[in-house]
There are 2 protein chains.
Amino acid sequence: MSSDVLTVSQVAERSGFAPSALRFYERQGLISATRTSGGQRRYERAVLRRLAFIAAARRVGLTLDEIGEALALLPDGRNPTKADWTRISRSWRSRLDEEIAALEKLRDGLDGCIGCGCLSLQRCRLSNPNDVAAAAGTGAAFFPSPLHPRPED
Amino acid sequence: MSSDVLTVSQVAERSGFAPSALRFYERQGLISATRTSGGQRRYERAVLRRLAFIAAARRVGLTLDEIGEALALLPDGRNPTKADWTRISRSWRSRLDEEIAALEKLRDGLDGCIGCGCLSLQRCRLSNPNDVAAAAGTGAAFFPSPLHPRPED
DNA sequence: GTACAACTTGAAGTTGACTTCAAGTCAAGA
DNA sequence: TCTTGACTTGAAGTCAACTTCAAGTTGTAC
């Protein structure tokens with residue numbers, strides 16, 4: 001139990017991450033823990049804040065590598081302040097804006113194309129991949145794609 | 001070459017998919033090809049339309065399994081009409097709308113939370129995972145997540 | 001008829017983010 | 001002290017969507 005350290009299952013429950021994920025994040029250097037004399041992990045409360053950051057960053061679409069880089073910008077020695085967290089998450093807003101814009105563009109493209117069935121017509125960009133291929137090189141350019149997609153949790 | 005059938009590399013170039021992806025899609029049952037006497041693939045032109053559909057569907061965020069299910073709804077025996085394509089892609093618009101809405105919600109949540117640094121404060125949902133865990137079960141509920149994300153191409 | 005690019009196959013590898021497993025060790029309440 | 005749930009480890013497995021590889025075959029321009 002108790003006062004100021006937490007066990008793996010306590011952190012798991014409070015953070016929402018599975019114990020296996022916590023061990024994985026530790027191996028990746030995203031979080032750390034002290035050990036009991038018997039070798040079991042004990043976490044400081046500050047790890048919860050760190051995990052909250054990781055959860056939010058994942059949701060925004062950052063990879064674990066990127067999250068690691070962001071966390072590396074936190075001061076070592078002292079606990080991060082409000083300003084520290086703000087600083088390293090400042091770019092998230094524009095990242096989301098870009099992603100939203102990309103999806104909107106895709107949606108509008110669909111409205112004028114697949115949505116109306118012109119997939120089967122000669123002049124639709126979607127149904128006429130050779131034109132696109134000739135112009136853009138690969139089919140990946142048919143439509144803008146969302147930025148920073150991530151696999152299912 | 002020529003008149004009405006296409007080789008693998010021709011389809012690859014015109015569709016934007018790599019030859020290995022075409023073989024993979026064939027194994028998955030998404031596309032099909034006839035064979036020469038020597039066993040090489042020859043594609044009908046209609047495969048390009050199918051591939052355009054696959055490309056668009058991938059972009060919208062469908063998995064290959066879902067794309068397969070959608071393609072299974074096309075009539076067999078005759079080539080799909082404009083109405084056929086429209087029918088099976090009708091749900092894409094709302095799917096994108098939902099995904100966009102989820103991202104906007106996430107963005108707005110960030111504006112009021114991480115963005116202002118309250119990650120370090122007591123009453124922020126993000127910095128207070130135990131409350132969320134108690135209420136929602138897992139950390140996955142901190143923020144709405146985008147629907148149907150997909151791995152990098 | 002020959003050269004050679006393009007094609008064939010099944011199997012294994014890749015990436016990211018984890019999870020699962022087996023086999024054993026630790027912590028703490030009764 | 002005993003019991004039992006929680007914990008430990010490294011290695012291997014999972015998932016999606018492909019790519020890469022090796023070793024051999026085919027198609028066609030000359």
# chains A, B, ... in the order shown; residues from 1 in each chain; ligands from 1
$ interface_residues --of "chain B" --to "chain D" --cutoff "8 Å" --atoms "only C-alpha atoms (C1' of nucleotides)" --output "compact mmCIF listing (two decimals) with N, CA and C atoms, in the first residue's frame"
# COMPACT_ATOMS: atom_id res chain seq x y z
N SER B 20 3.92 -5.82 -55.14
CA SER B 20 3.77 -6.70 -53.98
C SER B 20 2.42 -6.48 -53.30
N ALA B 21 1.95 -5.26 -53.32
CA ALA B 21 0.64 -4.97 -52.73
C ALA B 21 -0.47 -5.60 -53.57
N PHE B 24 -0.56 -9.15 -52.76
CA PHE B 24 -1.15 -9.27 -51.41
C PHE B 24 -2.67 -9.11 -51.47
N GLY B 38 1.75 -19.30 -69.23
CA GLY B 38 2.95 -19.43 -68.43
C GLY B 38 2.76 -19.08 -66.96
N GLN B 40 1.69 -16.05 -65.70
CA GLN B 40 1.80 -14.65 -65.31
C GLN B 40 0.43 -14.00 -65.24
N PRO B 151 -2.12 2.52 -39.60
CA PRO B 151 -0.66 2.63 -39.58
C PRO B 151 -0.14 3.36 -40.81
$ interface_residues --of "chain C" --to "chain A" --cutoff "8 Å" --atoms "only C-alpha atoms (C1' of nucleotides)" --output "number ranges by chain"
C: 16, 18-19, 26
$ atom_distance --atom1 "atom CA of Gly29 of chain B" --atom2 "atom C1' of DG10 of chain C"
17.7 Å
$ closest_residue --among "A:Val8, A:Gly109, A:Trp85, A:Arg35" --to "chain B" --atoms "only C-alpha atoms"
A:Trp85
$ select_by_dssp --residues "segment 12-121 of chain B" --states "alpha helix (DSSP H)" --output "ChimeraX atom specification"
/B:12-15,19-27,46-60,64-72,82-88,92-111
$ atom_distance --atom1 "atom CA of Glu104 of chain B" --atom2 "atom CA of Gly61 of chain A"
13.5 Å
$ residues_around --residues "Ile54 of chain B" --least-positions-apart "5" --cutoff "10 Å" --atoms "only C-alpha atoms (C1' of nucleotides)" --output "list in words"
Tyr25, Leu30, Ile31, Leu48, Arg49, Arg59, Val60, Leu62, Thr63, Leu64, Ile67, Gly68, Ala70 and Leu71 of chain B
$ write_last_selection --atoms "N, CA and C atoms" --output "compact mmCIF listing (two decimals), in the first residue's frame"
# COMPACT_ATOMS: atom_id res chain seq x y z
N TYR B 25 -3.15 -8.12 -52.18
CA TYR B 25 -4.59 -7.90 -52.29
C TYR B 25 -5.27 -9.09 -52.96
N LEU B 30 -9.24 -9.32 -52.59
CA LEU B 30 -9.79 -8.00 -52.93
C LEU B 30 -9.81 -7.76 -54.43
N ILE B 31 -8.86 -8.36 -55.12
CA ILE B 31 -8.82 -8.23 -56.57
C ILE B 31 -8.52 -9.61 -57.16
N LEU B 48 -8.68 -1.53 -62.17
CA LEU B 48 -8.21 -0.19 -61.83
C LEU B 48 -9.27 0.55 -61.02
N ARG B 49 -10.51 0.35 -61.38
CA ARG B 49 -11.60 0.99 -60.66
C ARG B 49 -11.66 0.43 -59.24
N ARG B 59 -7.86 5.48 -47.46
CA ARG B 59 -7.65 6.86 -47.05
C ARG B 59 -8.71 7.30 -46.04
N VAL B 60 -9.90 6.79 -46.24
CA VAL B 60 -10.97 7.11 -45.31
C VAL B 60 -10.74 6.40 -43.97
N LEU B 62 -10.72 2.73 -43.68
CA LEU B 62 -11.20 1.35 -43.60
C LEU B 62 -10.03 0.38 -43.57
N THR B 63 -10.22 -0.71 -42.87
CA THR B 63 -9.22 -1.77 -42.92
C THR B 63 -9.44 -2.58 -44.18
N LEU B 64 -8.48 -3.41 -44.51
CA LEU B 64 -8.63 -4.25 -45.69
C LEU B 64 -9.80 -5.22 -45.52
N ILE B 67 -12.86 -3.31 -46.30
CA ILE B 67 -12.91 -3.07 -47.74
C ILE B 67 -13.38 -4.34 -48.45
N GLY B 68 -12.88 -5.47 -47.98
CA GLY B 68 -13.31 -6.74 -48.55
C GLY B 68 -14.81 -6.95 -48.39
N ALA B 70 -17.04 -4.63 -48.08
CA ALA B 70 -17.73 -3.69 -48.96
C ALA B 70 -17.72 -4.20 -50.40
N LEU B 71 -16.58 -4.67 -50.84
CA LEU B 71 -16.47 -5.16 -52.22
C LEU B 71 -17.35 -6.38 -52.46
$ closest_residue --among "B:Leu73, B:Ile88, B:Ala52, B:Ala57" --to "chain A" --atoms "only C-alpha atoms"
B:Ala52
$ closest_residue --among "B:Ser91, B:Ser15, B:Gln10, B:Thr34" --to "chain A" --atoms "only C-alpha atoms"
B:Ser15
$ residues_around --residues "Asn79 of chain B" --least-positions-apart "3" --cutoff "8 Å" --atoms "only C-alpha atoms (C1' of nucleotides)" --output "list of chain:residue names"
B:Ala46, B:Pro75, B:Asp76
$ atom_distance --atom1 "atom CA of Arg42 of chain B" --atom2 "atom CA of Glu26 of chain B"
12.2 Å
